[in-house]
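Coordinates as given in work-v1.tsv (TSV, C-alpha atoms and all ligand atoms):
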```
chain	number	residue	atom	x	y	z
A	669	MET	CA	0.00	0.00	0.00
A	670	ALA	CA	1.64	3.24	-1.07
A	671	GLU	CA	-0.35	5.65	1.07
A	672	GLU	CA	-1.90	4.62	4.32
A	673	PHE	CA	-5.65	4.24	4.37
A	674	ARG	CA	-7.56	2.77	7.23
A	675	LEU	CA	-11.23	2.56	8.17
A	676	ASP	CA	-12.20	3.27	11.75
A	677	PRO	CA	-15.44	1.49	12.64
A	678	TRP	CA	-15.70	3.58	15.82
A	679	ALA	CA	-15.16	7.01	14.27
A	680	SER	CA	-18.17	9.24	14.84
A	681	ALA	CA	-18.03	11.18	11.60
A	682	VAL	CA	-16.77	9.35	8.59
A	683	ARG	CA	-16.86	10.72	5.11
A	684	LEU	CA	-16.08	7.68	3.10
A	685	GLU	CA	-14.43	7.67	-0.24
A	686	TYR	CA	-16.15	4.59	-1.54
A	687	GLU	CA	-13.80	4.29	-4.51
A	688	LYS	CA	-10.90	3.56	-2.19
A	689	LEU	CA	-12.69	0.55	-0.79
A	690	PHE	CA	-12.53	-1.12	-4.18
A	691	ARG	CA	-8.94	-0.08	-4.73
A	692	TYR	CA	-7.39	-0.87	-1.35
A	693	PHE	CA	-9.50	-3.58	0.13
A	694	GLY	CA	-10.74	-5.63	-2.78
A	695	ILE	CA	-14.41	-4.93	-2.17
A	696	LYS	CA	-16.24	-5.69	-5.43
A	697	PRO	CA	-18.89	-3.49	-7.08
A	698	PHE	CA	-22.37	-4.79	-6.31
A	699	ARG	CA	-23.85	-3.58	-9.57
A	700	GLU	CA	-22.22	-6.37	-11.57
A	701	LEU	CA	-24.26	-8.94	-9.65
A	702	LEU	CA	-27.66	-7.34	-10.21
A	703	PRO	CA	-28.69	-9.58	-13.13
A	704	ARG	CA	-27.71	-12.64	-11.11
A	705	VAL	CA	-29.66	-11.32	-8.09
A	706	THR	CA	-32.73	-11.03	-10.29
A	707	GLU	CA	-32.29	-14.59	-11.57
A	708	VAL	CA	-31.74	-16.16	-8.17
A	709	LEU	CA	-33.63	-14.01	-5.65
A	710	GLY	CA	-36.15	-12.24	-7.87
A	711	GLU	CA	-36.74	-8.49	-7.82
A	712	PRO	CA	-33.71	-6.84	-6.17
A	713	LEU	CA	-34.37	-4.61	-3.18
A	714	HIS	CA	-34.70	-0.89	-4.09
A	715	LEU	CA	-31.42	-0.26	-2.23
A	716	MET	CA	-29.71	-2.70	-4.60
A	717	ARG	CA	-31.32	-1.36	-7.78
A	718	ARG	CA	-30.35	2.20	-6.87
A	719	GLY	CA	-26.73	1.61	-5.99
A	720	VAL	CA	-27.15	2.36	-2.28
A	721	ILE	CA	-25.80	-1.11	-1.67
A	722	PHE	CA	-22.66	-0.57	-3.69
A	723	GLY	CA	-20.14	-3.23	-2.76
A	724	HIS	CA	-19.70	-6.80	-1.59
A	725	ARG	CA	-17.33	-9.60	-0.69
A	726	ASP	CA	-18.29	-13.05	-1.99
A	727	PHE	CA	-21.96	-12.19	-2.37
A	728	ASP	CA	-21.88	-14.29	-5.54
A	729	SER	CA	-21.22	-17.39	-3.44
A	730	VAL	CA	-24.27	-16.61	-1.27
A	731	LEU	CA	-26.37	-16.39	-4.43
A	732	GLU	CA	-24.94	-19.71	-5.61
A	733	ALA	CA	-25.69	-21.33	-2.24
A	734	TYR	CA	-29.25	-20.00	-2.24
A	735	ARG	CA	-29.81	-21.20	-5.78
A	736	SER	CA	-28.67	-24.70	-4.97
A	737	GLY	CA	-30.78	-24.88	-1.82
A	738	GLU	CA	-27.96	-24.77	0.72
A	739	ARG	CA	-28.49	-23.12	4.08
A	740	VAL	CA	-28.01	-19.38	4.22
A	741	ALA	CA	-28.05	-17.00	7.18
A	742	LEU	CA	-27.85	-13.28	7.65
A	743	VAL	CA	-26.03	-11.70	10.59
A	744	THR	CA	-26.12	-8.03	11.34
A	745	GLY	CA	-26.16	-5.81	14.39
A	746	PHE	CA	-27.02	-2.47	15.91
A	747	MET	CA	-25.16	-0.55	18.54
A	748	PRO	CA	-27.93	0.79	20.83
A	749	SER	CA	-26.23	4.11	21.37
A	750	GLY	CA	-29.02	6.46	20.33
A	751	ARG	CA	-32.53	6.52	18.88
A	752	PHE	CA	-33.46	4.51	15.81
A	753	HIS	CA	-33.31	6.71	12.70
A	754	PHE	CA	-33.73	6.35	8.95
A	755	GLY	CA	-30.12	5.21	8.52
A	756	HIS	CA	-30.98	2.23	10.73
A	757	LYS	CA	-34.19	1.62	8.80
A	758	MET	CA	-32.07	0.92	5.74
A	759	VAL	CA	-30.51	-2.06	7.56
A	760	ALA	CA	-33.95	-3.18	8.76
A	761	ASP	CA	-35.24	-3.13	5.16
A	762	GLN	CA	-32.44	-5.49	4.17
A	763	ILE	CA	-33.03	-7.84	7.10
A	764	ILE	CA	-36.71	-8.11	6.26
A	765	TYR	CA	-36.01	-8.61	2.56
A	766	TYR	CA	-33.76	-11.59	3.31
A	767	GLN	CA	-36.11	-12.93	5.98
A	768	LYS	CA	-38.88	-13.11	3.38
A	769	LEU	CA	-36.52	-15.05	1.13
A	770	GLY	CA	-36.09	-17.65	3.86
A	771	PHE	CA	-32.66	-16.73	5.22
A	772	GLU	CA	-32.06	-17.63	8.84
A	773	ILE	CA	-31.70	-14.31	10.68
A	774	PHE	CA	-29.32	-13.39	13.53
A	775	ILE	CA	-29.64	-9.85	14.89
A	776	VAL	CA	-27.13	-8.60	17.44
A	777	ILE	CA	-27.89	-5.84	19.89
A	778	ALA	CA	-24.33	-4.68	20.54
A	779	ASP	CA	-24.73	-3.60	24.13
A	780	ALA	CA	-21.24	-4.76	25.15
A	781	GLU	CA	-19.75	-2.59	22.43
A	782	ALA	CA	-21.89	0.44	23.36
A	783	TYR	CA	-20.82	0.10	26.99
A	784	ALA	CA	-17.10	-0.46	26.37
A	785	VAL	CA	-16.44	1.75	23.38
A	786	ARG	CA	-19.10	4.47	23.59
A	787	LYS	CA	-18.93	4.45	27.41
A	788	LEU	CA	-22.69	4.54	27.83
A	789	ASP	CA	-24.78	3.70	30.86
A	790	ARG	CA	-25.86	0.02	30.93
A	791	ARG	CA	-29.49	0.64	31.86
A	792	LYS	CA	-29.90	3.19	29.12
A	793	VAL	CA	-28.28	0.90	26.55
A	794	ILE	CA	-30.58	-2.00	27.42
A	795	GLU	CA	-33.69	0.22	27.29
A	796	THR	CA	-32.65	1.70	23.97
A	797	GLY	CA	-31.91	-1.76	22.61
A	798	LEU	CA	-35.40	-2.95	23.50
A	799	TYR	CA	-37.67	0.01	22.91
A	800	GLU	CA	-35.86	1.68	20.03
A	801	TYR	CA	-34.12	-1.09	18.08
A	802	VAL	CA	-36.12	-4.25	18.68
A	803	ALA	CA	-39.45	-2.37	18.73
A	804	ASN	CA	-38.75	-0.56	15.45
A	805	LEU	CA	-37.63	-3.78	13.77
A	806	ILE	CA	-40.91	-5.42	14.77
A	807	ALA	CA	-42.93	-2.42	13.61
A	808	LEU	CA	-41.14	-2.47	10.25
A	809	GLY	CA	-42.25	-6.07	9.75
A	810	LEU	CA	-39.63	-8.36	11.24
A	811	GLU	CA	-41.35	-11.65	11.88
A	812	LYS	CA	-40.92	-13.94	14.79
A	813	ASN	CA	-40.20	-17.47	13.65
A	814	ARG	CA	-37.88	-20.29	14.57
A	815	HIS	CA	-35.27	-19.08	12.07
A	816	THR	CA	-35.00	-15.62	13.61
A	817	HIS	CA	-32.78	-14.90	16.59
A	818	ILE	CA	-32.24	-11.58	18.35
A	819	TYR	CA	-29.79	-11.34	21.23
A	820	PHE	CA	-27.90	-8.92	23.43
A	821	GLN	CA	-24.13	-9.47	23.30
A	822	THR	CA	-23.96	-9.76	27.10
A	823	ASN	CA	-26.88	-12.14	27.44
A	824	TYR	CA	-26.64	-14.94	24.90
A	825	GLU	CA	-26.76	-18.22	26.72
A	826	THR	CA	-25.05	-20.35	24.14
A	827	PRO	CA	-21.47	-21.48	23.34
A	828	TYR	CA	-21.02	-18.15	21.58
A	829	TYR	CA	-18.74	-16.82	24.33
A	830	ARG	CA	-16.36	-19.73	23.90
A	831	LEU	CA	-15.56	-18.36	20.45
A	832	ILE	CA	-14.43	-14.98	21.76
A	833	GLN	CA	-11.98	-16.70	24.06
A	834	MET	CA	-10.76	-19.15	21.45
A	835	PHE	CA	-10.35	-16.46	18.81
A	836	SER	CA	-8.03	-14.50	21.09
A	837	ARG	CA	-5.40	-17.22	20.71
A	838	LYS	CA	-4.93	-17.02	16.95
A	839	ILE	CA	-4.67	-13.30	16.34
A	840	THR	CA	-1.77	-11.03	17.26
A	841	MET	CA	-1.85	-7.49	18.54
A	842	ALA	CA	0.14	-6.39	15.49
A	843	GLU	CA	-2.48	-7.84	13.16
A	844	MET	CA	-5.25	-6.11	15.02
A	845	GLU	CA	-3.42	-2.80	14.98
A	846	ALA	CA	-2.85	-3.14	11.26
A	847	ILE	CA	-6.62	-3.38	10.84
A	848	TYR	CA	-7.88	-0.92	13.47
A	849	GLY	CA	-5.02	1.39	14.38
A	850	ASP	CA	-4.52	2.10	18.08
A	851	LEU	CA	-6.46	-0.24	20.31
A	852	GLU	CA	-7.50	-0.39	23.91
A	853	PRO	CA	-8.78	-3.56	25.64
A	854	GLY	CA	-12.43	-2.52	25.20
A	855	LYS	CA	-11.97	-2.32	21.45
A	856	VAL	CA	-10.08	-5.61	21.30
A	857	MET	CA	-12.98	-7.24	23.13
A	858	ALA	CA	-15.55	-5.53	20.90
A	859	ALA	CA	-13.74	-6.67	17.76
A	860	LEU	CA	-13.44	-10.31	18.89
A	861	THR	CA	-17.05	-10.21	20.07
A	862	GLN	CA	-18.16	-8.99	16.67
A	863	ALA	CA	-16.16	-11.80	15.03
A	864	ALA	CA	-18.10	-14.23	17.25
A	865	ASP	CA	-21.37	-12.51	16.26
A	866	ILE	CA	-20.52	-13.03	12.64
A	867	LEU	CA	-19.20	-16.59	12.84
A	868	HIS	CA	-21.24	-18.32	15.56
A	869	PRO	CA	-24.20	-19.34	13.36
A	870	GLN	CA	-21.93	-21.94	11.75
A	871	LEU	CA	-21.37	-23.88	14.99
A	872	ASP	CA	-22.99	-27.30	15.45
A	873	TYR	CA	-24.98	-25.85	18.34
A	874	PHE	CA	-26.80	-23.62	15.80
A	875	GLY	CA	-27.34	-26.39	13.30
A	876	GLY	CA	-23.90	-26.54	11.73
A	877	PHE	CA	-22.41	-25.07	8.61
A	878	LYS	CA	-24.33	-22.46	6.71
A	879	HIS	CA	-23.34	-19.62	4.40
A	880	VAL	CA	-23.31	-16.33	6.26
A	881	LEU	CA	-24.06	-12.92	4.77
A	882	VAL	CA	-23.34	-9.74	6.73
A	883	PRO	CA	-24.99	-6.58	5.33
A	884	VAL	CA	-23.35	-3.53	6.91
A	885	GLY	CA	-22.34	0.08	6.45
A	886	ALA	CA	-18.96	0.37	4.79
A	887	ASP	CA	-17.28	1.53	7.99
A	888	GLN	CA	-17.72	-2.00	9.38
A	889	ASP	CA	-15.42	-3.60	6.81
A	890	PRO	CA	-12.50	-3.89	9.29
A	891	HIS	CA	-14.67	-6.24	11.35
A	892	ILE	CA	-15.50	-8.27	8.27
A	893	ARG	CA	-11.82	-8.60	7.36
A	894	LEU	CA	-10.97	-9.72	10.88
A	895	ALA	CA	-13.81	-12.26	10.90
A	896	ARG	CA	-12.67	-13.64	7.54
A	897	ASP	CA	-9.07	-14.03	8.77
A	898	ILE	CA	-10.27	-15.74	11.92
A	899	ALA	CA	-12.52	-18.09	9.94
A	900	ASP	CA	-9.51	-19.22	7.89
A	901	ARG	CA	-7.56	-19.98	11.07
A	902	PHE	CA	-10.38	-21.99	12.62
A	903	GLU	CA	-11.35	-23.89	9.53
A	904	ASN	CA	-9.85	-27.13	10.79
A	905	GLU	CA	-10.66	-26.83	14.44
A	906	LEU	CA	-14.24	-25.55	14.18
A	907	GLY	CA	-15.15	-25.93	10.51
A	908	LEU	CA	-15.65	-22.18	10.10
A	909	ARG	CA	-15.80	-20.65	6.64
A	910	ARG	CA	-15.49	-17.05	5.55
A	911	PRO	CA	-18.59	-14.87	5.76
A	912	ALA	CA	-19.76	-12.83	2.78
A	913	SER	CA	-20.75	-9.19	3.11
A	914	THR	CA	-22.50	-6.33	1.38
A	915	TYR	CA	-21.87	-2.63	1.96
A	916	HIS	CA	-24.30	0.26	1.78
A	917	ARG	CA	-23.72	3.97	1.55
A	918	PHE	CA	-24.65	6.08	4.52
A	919	GLN	CA	-27.68	8.25	4.27
A	920	SER	CA	-26.76	11.93	4.65
A	921	GLY	CA	-28.02	14.09	7.46
A	922	LEU	CA	-30.40	16.84	6.39
A	923	ASP	CA	-27.53	19.34	6.23
A	924	GLY	CA	-25.56	17.05	3.91
A	925	ASN	CA	-23.18	15.80	6.61
A	926	LYS	CA	-23.50	12.53	8.48
A	927	MET	CA	-26.84	11.29	9.76
A	928	SER	CA	-26.32	10.39	13.39
A	929	SER	CA	-28.29	10.32	16.62
A	930	SER	CA	-25.77	12.78	18.04
A	931	ARG	CA	-27.00	15.32	15.45
A	932	PRO	CA	-30.75	15.27	16.12
A	933	ASP	CA	-31.56	18.43	14.13
A	934	TYR	CA	-30.32	16.81	10.93
A	935	THR	CA	-31.51	13.28	11.60
A	936	ILE	CA	-35.08	12.02	11.45
A	937	PHE	CA	-35.94	9.38	14.02
A	938	LEU	CA	-38.75	6.95	13.41
A	939	SER	CA	-40.31	8.01	16.70
A	940	ASP	CA	-40.11	11.76	16.04
A	941	PRO	CA	-43.46	13.52	16.48
A	942	ILE	CA	-44.73	14.13	12.97
A	943	ASP	CA	-44.58	17.92	13.17
A	944	VAL	CA	-40.97	17.69	14.37
A	945	ALA	CA	-40.00	15.34	11.54
A	946	VAL	CA	-41.72	17.53	8.96
A	947	ARG	CA	-40.05	20.65	10.29
A	948	LYS	CA	-36.63	19.01	10.01
A	949	LEU	CA	-37.36	17.94	6.45
A	950	LYS	CA	-38.55	21.38	5.46
A	951	ASN	CA	-35.23	22.84	6.63
A	952	ALA	CA	-33.22	20.28	4.70
A	953	LEU	CA	-30.42	21.14	2.31
A	954	THR	CA	-31.54	20.70	-1.29
A	955	GLY	CA	-29.92	20.95	-4.67
A	956	GLY	CA	-31.81	24.15	-5.37
A	957	ARG	CA	-30.29	27.27	-6.94
A	958	ALA	CA	-29.90	30.71	-5.42
A	959	THR	CA	-33.05	32.14	-7.01
A	960	VAL	CA	-36.24	30.79	-8.53
A	961	GLU	CA	-35.35	32.37	-11.84
A	962	GLU	CA	-32.00	30.58	-11.85
A	963	GLN	CA	-33.58	27.30	-10.87
A	964	ARG	CA	-36.11	27.46	-13.71
A	965	ARG	CA	-33.29	28.24	-16.13
A	966	LEU	CA	-30.62	25.79	-14.93
A	967	GLY	CA	-32.69	23.15	-13.15
A	968	GLY	CA	-32.03	21.74	-9.70
A	969	GLU	CA	-29.33	19.29	-8.68
A	970	PRO	CA	-30.97	16.18	-7.20
A	971	GLU	CA	-27.53	14.58	-6.68
A	972	LYS	CA	-26.85	17.18	-4.01
A	973	CYS	CA	-30.30	17.11	-2.47
A	974	THR	CA	-30.95	15.41	0.87
A	975	VAL	CA	-34.69	15.37	0.16
A	976	TYR	CA	-34.13	13.51	-3.09
A	977	GLU	CA	-31.91	11.11	-1.15
A	978	PHE	CA	-34.85	10.47	1.17
A	979	TYR	CA	-36.94	9.49	-1.85
A	980	VAL	CA	-34.21	7.15	-3.07
A	981	TYR	CA	-33.60	5.45	0.26
A	982	HIS	CA	-37.10	5.38	1.72
A	983	LEU	CA	-40.00	7.39	0.44
A	984	VAL	CA	-40.44	6.37	-3.20
A	985	ARG	CA	-40.33	2.65	-3.96
A	986	ASP	CA	-41.51	2.96	-7.57
A	987	ASP	CA	-38.54	3.48	-9.90
A	988	LYS	CA	-40.60	5.19	-12.60
A	989	LYS	CA	-41.99	7.71	-10.17
A	990	LEU	CA	-38.49	8.36	-8.85
A	991	ALA	CA	-37.20	8.94	-12.38
A	992	ARG	CA	-40.04	11.38	-13.01
A	993	ILE	CA	-39.17	13.43	-9.93
A	994	TYR	CA	-35.53	13.46	-11.00
A	995	GLN	CA	-36.37	14.71	-14.49
A	996	GLU	CA	-38.79	17.36	-13.26
A	997	CYS	CA	-36.18	18.70	-10.84
A	998	ARG	CA	-33.35	18.65	-13.38
A	999	GLY	CA	-35.56	20.35	-15.94
A	1000	GLY	CA	-36.31	23.25	-13.58
A	1001	ARG	CA	-40.05	22.48	-13.51
A	1002	LEU	CA	-40.17	21.15	-9.96
A	1003	LEU	CA	-39.08	23.73	-7.42
A	1004	CYS	CA	-37.89	22.99	-3.88
A	1005	GLY	CA	-40.92	24.43	-2.08
A	1006	PRO	CA	-43.57	22.21	-3.65
A	1007	ASP	CA	-41.15	19.30	-3.70
A	1008	LYS	CA	-40.55	19.53	0.04
A	1009	GLN	CA	-44.30	19.74	0.54
A	1010	TYR	CA	-44.69	16.49	-1.38
A	1011	ALA	CA	-41.86	14.78	0.53
A	1012	ALA	CA	-43.33	15.96	3.83
A	1013	GLU	CA	-46.67	14.37	2.93
A	1014	LEU	CA	-45.02	11.05	2.13
A	1015	LEU	CA	-42.96	11.20	5.31
A	1016	ALA	CA	-45.96	12.07	7.49
A	1017	LYS	CA	-47.98	9.25	5.98
A	1018	PHE	CA	-45.20	6.76	6.59
A	1019	LEU	CA	-44.59	7.91	10.17
A	1020	GLU	CA	-48.25	7.91	11.11
A	1021	GLU	CA	-48.65	4.31	10.08
A	1022	HIS	CA	-45.31	3.26	11.49
A	1023	GLN	CA	-45.85	4.86	14.87
A	1024	ARG	CA	-49.16	3.12	15.28
A	1025	LYS	CA	-47.34	-0.18	14.79
A	1026	LEU	CA	-44.46	0.95	16.98
A	1027	GLU	CA	-46.70	1.49	20.00
A	1028	LYS	CA	-48.03	-2.05	19.67
A	1029	ALA	CA	-44.57	-3.45	19.02
A	1030	LYS	CA	-43.25	-2.04	22.30
A	1031	ASP	CA	-45.49	-4.48	24.16
A	1032	ARG	CA	-44.04	-7.38	22.24
A	1033	VAL	CA	-40.27	-6.85	22.48
A	1034	LEU	CA	-39.85	-9.48	25.18
A	1035	GLU	CA	-41.33	-12.11	22.86
A	1036	TYR	CA	-38.38	-11.51	20.57
A	1037	VAL	CA	-35.42	-11.07	22.89
A	1038	GLU	CA	-34.32	-11.60	26.46
A	1039	PRO	CA	-32.63	-8.53	27.92
A	1040	PRO	CA	-29.72	-8.76	30.36
A	1041	SER	CA	-30.74	-8.29	34.00
A	1042	PHE	CA	-28.20	-5.47	34.56
A	1101	LIG	N1	-20.39	-2.69	15.33
A	1101	LIG	C1	-21.72	-2.58	14.81
A	1101	LIG	C2	-22.14	-1.10	14.89
A	1101	LIG	O1	-21.39	-0.26	15.24
A	1101	LIG	C3	-22.70	-3.44	15.54
A	1101	LIG	C4	-22.43	-4.91	15.43
A	1101	LIG	C5	-22.05	-5.74	16.44
A	1101	LIG	C6	-22.51	-5.73	14.25
A	1101	LIG	N2	-21.92	-7.01	15.99
A	1101	LIG	C7	-22.18	-7.06	14.68
A	1101	LIG	C8	-22.80	-5.50	12.91
A	1101	LIG	C9	-22.14	-8.12	13.77
A	1101	LIG	C10	-22.76	-6.57	12.02
A	1101	LIG	C11	-22.44	-7.87	12.45
A	1101	LIG	O2	-23.26	-0.76	14.61
```

Show me, as structure tokens, the structure contained in the file I just sent.
Ligand code: TRP
Amino acid sequence: MAEEFRLDPWASAVRLEYEKLFRYFGIKPFRELLPRVTEVLGEPLHLMRRGVIFGHRDFDSVLEAYRSGERVALVTGFMPSGRFHFGHKMVADQIIYYQKLGFEIFIVIADAEAYAVRKLDRRKVIETGLYEYVANLIALGLEKNRHTHIYFQTNYETPYYRLIQMFSRKITMAEMEAIYGDLEPGKVMAALTQAADILHPQLDYFGGFKHVLVPVGADQDPHIRLARDIADRFENELGLRRPASTYHRFQSGLDGNKMSSSRPDYTIFLSDPIDVAVRKLKNALTGGRATVEEQRRLGGEPEKCTVYEFYVYHLVRDDKKLARIYQECRGGRLLCGPDKQYAAELLAKFLEEHQRKLEKAKDRVLEYVEPPSF
């Protein structure tokens, strides 16, 4: 590697240069697999069709496994460090898509990581895990069945913990520092725990070998690389094989920077009161020009518009309708005022329905997961 380039999965504000992920880390473009996705899985998820899911490792082998009827599982996780927002919904949409296809589902509530790395209060983390993350997943349509498992990292009564301890033997500090940079014990633990999250579904206890897919934000790739290295080293002893992964782009905050629960004015939470959510959206950065006259003449720039991004990621599922909005904006016929009004209506409609389900879902979280007692 000529210049140094490292991803920090714990950085709070990453601006990723997605190109570099292909160049330095061998992540492959997802787009090339779209025709195969259509053949094997059927209609690709909107996030796939629109390039939001942009990269993968070995996703082709997951498709092959699915096609030939082998067992496939999805593992992904959430750090319960703040309220559930539309960036998280993107992960939920993927989980539910694969659940419908019959994948076995493992969802990690990363409370150990939130405690050790984000230094959050335990009680708060457990509450947030239950009533923000699990509740929103249920409200979005996650089903409860015998192929779906949700667990807290500190409360999983299975041989899962044995993996964390065993993994520690076959990885050196130098290797970990090459992946993560400076490390403290909490981060070492969090990284080995995440490797166990990713690899444990293959143990005999969970029914033995299966292909594992991990859909994550691109900042999580260091964890994927570590888990793949560890799998290689435990192939003989435990029969582990490398997981596959897909990577999605982050949704922007409404000011064009990162969407994050620590930036509540620029982030819409799924439990925001509707007037609050609409107000945030109406203040959003768009691709509009300085004056109406200029916008009619030059057209808007949807590529720079956080409202358009909301359509792409969440609010407009119909590709033709999305293309129409794009053209109208580009052509200077659709101005930001009326466009925001339209987006606000879609958002309000979605939230109204969702929040009705969310209230009900809150009563059901304990059917899905057992929280730690402290
Ligand atoms: N580290 C992830 C985050 O910051 C959460 C996580 C924990 C996770 N274990 C995982 C993600 C396993 C994918 C797979 O959100």

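Of the listed residues A:Asp676, A:Glu1035, A:Asp943, A:Glu969, the one whose atoms come nearest to ligand LIG 1101 (chain A) is A:Asp676, with distances taken using all atoms listed in the file.
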
### Task
Name all residues at most 12 Å from Val720 in chain A (count all atoms listed in the file; drop same-chain ones fewer than 6 positions away) and give them as an MDAnalysis selection string.
chainID A and resid 686 697:699 712:714 755 758:759 762 883:886 914:920 977:978 980:982

#### Entry: Shortest interatomic distance to Gly737 in chain A - which of A:Gln821, A:Ala1029, A:His879, A:Leu871, counting only C-alpha atoms
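Looking only at the distances to Gly737 in chain A, the closest residue turns out to be A:His879.
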
### Query
Of the candidates A:Leu851, A:Val1033, A:Leu894, A:Ile942, which shows the shortest atom-to-atom distance to Phe835 in chain A, using all atoms listed in the file?
A:Leu894

Near ligand LIG 1101 (chain A), 7 Å: chain A residue rows, closest pairs, only C-alpha atoms and all ligand atoms, as CSV:
```
residue,atom,partner,partner_atom,distance
A:Pro677,CA,A:LIG1101,O1,6.7
A:Trp678,CA,A:LIG1101,O1,6.9
A:Val743,CA,A:LIG1101,C11,5.6
A:Thr744,CA,A:LIG1101,C10,3.7
A:Gly745,CA,A:LIG1101,C6,3.7
A:Phe746,CA,A:LIG1101,O2,4.3
A:Met747,CA,A:LIG1101,O2,4.4
A:Val776,CA,A:LIG1101,N2,5.6
A:Ile777,CA,A:LIG1101,C5,6.8
A:Ala778,CA,A:LIG1101,C5,4.8
A:Gln862,CA,A:LIG1101,N2,4.3
A:Asp865,CA,A:LIG1101,C9,5.1
A:Ile866,CA,A:LIG1101,C9,5.3
A:Val882,CA,A:LIG1101,C11,6.1
A:Val884,CA,A:LIG1101,C10,6.0
A:Gln888,CA,A:LIG1101,N1,6.6
```

### Task
May I ask which of the residues A:Ala1011, A:His753, A:Ala760, A:Tyr979 is the closest one to Tyr934 in chain A, counting only C-alpha atoms?
A:His753

### Query
From the list A:Thr974, A:Thr706, A:Ser929, A:Thr840, which residue is nearest Lys950 in chain A when using only C-alpha atoms?
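Selected residue with least distance to Lys950 in chain A: A:Thr974.
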
### Message
Under the rule that only C-alpha atoms are counted, which of A:Leu798, A:Ile832, A:Ala858, A:Ala895 is the nearest residue to Ala782 in chain A?
### Response
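Answer, going by the shortest atom-to-atom distance: A:Ala858.
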
#### Entry: Straight-line distance linking CA of Pro869 in chain A with CA of Ser1041 in chain A, stated in Å to one decimal
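Between CA of Pro869 in chain A and CA of Ser1041 in chain A the gap works out to 24.3 Å.
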
### For Leu1026 in chain A: contacts at 8 Å, only C-alpha atoms, fewer than 4 positions along chain excluded, given as a PyMOL selection string
chain A and resi 803-804+806-807+1022+1030

Write the residues of the preceding selection, restricted to C-alpha atoms, as a PDB file, keeping the file's coordinate frame.
```pdb
ATOM      1  CA  ALA A 803     -39.450  -2.370  18.730  1.00  0.00           C
ATOM      2  CA  ASN A 804     -38.750  -0.560  15.450  1.00  0.00           C
ATOM      3  CA  ILE A 806     -40.910  -5.420  14.770  1.00  0.00           C
ATOM      4  CA  ALA A 807     -42.930  -2.420  13.610  1.00  0.00           C
ATOM      5  CA  HIS A1022     -45.310   3.260  11.490  1.00  0.00           C
ATOM      6  CA  LYS A1030     -43.250  -2.040  22.300  1.00  0.00           C
TER       7      LYS A1030
END
```

### Query
Hey, what's within 8 Å of range 937-941 of chain A if we count only C-alpha atoms and toss same-chain stuff fewer than 3 positions away? As a PyMOL selection string, please?
chain A and resi 751-754+804+944-945+1019+1022-1023

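Neighbouring residues of Glu738 in chain A at 9 Å or closer, counting all atoms listed in the file and skipping chain neighbours under 3 positions away, are Glu732, Ala733, Tyr734, Arg735, Lys878 and His879 of chain A.
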
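Going from CA of Ala1016 in chain A over to CA of Val984 in chain A, you cover 13.3 Å.
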
### Task
Please provide as a VMD selection string all residues within 9 Å of Ile794 in chain A, with the sequence filter that same-chain residues fewer than 2 positions apart are discarded (counting only C-alpha atoms).
chain A and resid 748 777 779 789 to 792 796 to 799 820 1039 to 1040 1042

### Query
In Å, with one decimal, what is the gap from CA of Glu800 in chain A to CA of Lys757 in chain A?
11.4 Å
